[in-house]
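Enquirer: Shown below is the structure under consideration.
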Amino acid sequence: MNIYPDLFLTFAKVGVMTFGGGYAMLPILQREVVENKGWATEEELTDYFAIGQCTPGIIAVNTATFIGQKNKGVPGGIIATLGLVFPSLIIISLLAGIITTFSHLAWVAHAFGGIRVCVCVLILNAVVKLFKKAVIDAPTMVIFLVVALGSFFTAISPVAFVLAAAALGIALKNVGVKK
């Protein structure tokens with residue numbers, strides 16, 4: 001199959017099946033991009049998510065762009081990105097009028113409550129998968145704990161945490177601590 005339609009359709013499938021944003025997309029991206037297509041390794045996907053968190057824009061869109069670019073250059077990045085956002089544009093356009101018309105109904109509010117719970121579980125699943133791949137020894141556990149506690153109890157920017165964690169990872173590698 002031609003890679004461009006495959007990129008578009010794969011990311012459109014991810015985009016249409018995912019509710020809750022970039023973090024909720026991680027399990028689906030992992031299955032489609034790593035397991036089914038082999039376009040990236042789990043480590044690369046984790047790196048793309050980390051970089052996507054630090055760069056302007058939506059994490060899942062940035063990740064799609066990175067994966068598409070890795071496989072087919074700039075055109076691949078554009079096609080993957082368009083594939084990811086296309087279903088959302090169509091669905092949001094169709095639902096916008098319906099939601100405002102029926103948002104006062106109790107069953108609509110309850111449906112959204114259920115969707116929010118589902119999204120929380122999808123995000124937790126993504127966190128557990130990322131944790132298993134990222135926290136592999138004592139130094140990475142220390143980095144995890146420092147960042148987790150710092151992000152819970154301070155208002156420091158996530159970008160600062162990522163940069164500090166990157167610097168600490170480099171420092172630990174240079175002093176001979178294996179990661």
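Letters A, B, ... mark the chains of the structure tokens in the order given; residue numbers begin at 1 per chain; ligand numbers begin at 1, in order shown.
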Write out as a PyMOL selection string the residues lying within 10 Å of Leu45 in chain A, counting only C-alpha atoms and excluding same-chain residues fewer than 2 positions away.
Expert: chain A and resi 26+29-30+33-34+39-43+47-51+63-64+66-67+130
Enquirer: Can you list, as a ChimeraX atom specification, every protein, DNA or RNA residue that comes within 9 Å of Phe161 in chain A when you count only C-alpha atoms, leaving out same-chain residues fewer than 3 positions away?
Expert: /A:147,150-151,156-158,164-166
Enquirer: Show me, as a tab-separated table, the residues of range 117-138 of chain A having an atom within 12 Å of range 89-113 of chain A, each with the closest atom pair and its distance in Å, using only C-alpha atoms.
Expert:
residue	atom	partner	partner_atom	distance
A:Val117	CA	A:Gly113	CA	6.5
A:Cys118	CA	A:Gly113	CA	8.8
A:Val119	CA	A:Gly113	CA	10.0
A:Cys120	CA	A:Gly113	CA	10.9
Enquirer: Determine the nearest neighbour of Leu84 in chain A from the options A:Phe153, A:Tyr4, A:Phe11, A:Phe131, counting only C-alpha atoms.
Expert: A:Phe11
Enquirer: Out of A:Lys70, A:Asn125, A:Ala60, A:Gln53, which residue has the shortest atom-to-atom distance to Pro27 in chain A when counting only C-alpha atoms?
Expert: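 Looking at the shortest contact to Pro27 in chain A, the residue is A:Asn125.
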Enquirer: Neighbouring residues of Gly68 in chain A were defined as those with any atom within 7 Å, considering only C-alpha atoms; residues of the same chain fewer than 5 positions away were excluded. Please report them as a list of chain:residue names.
Expert: A:Leu7, A:Gly73, A:Gly76, A:Gly77, A:Ala80
Enquirer: Would you mind writing down, as a PyMOL selection string, each residue of chain A that DSSP on the backbone assigns to alpha helix (DSSP H)?
Expert: chain A and resi 3-17+22-29+42-54+59-102+106-134+138-153+158-174
Enquirer: Give me the residues near Phe86 in chain A as a PyMOL selection string, where near means some atom within 9 Å (using only C-alpha atoms) and where sequence neighbours in that chain fewer than 5 positions away do not count.
Expert: chain A and resi 12+15-16+81+91
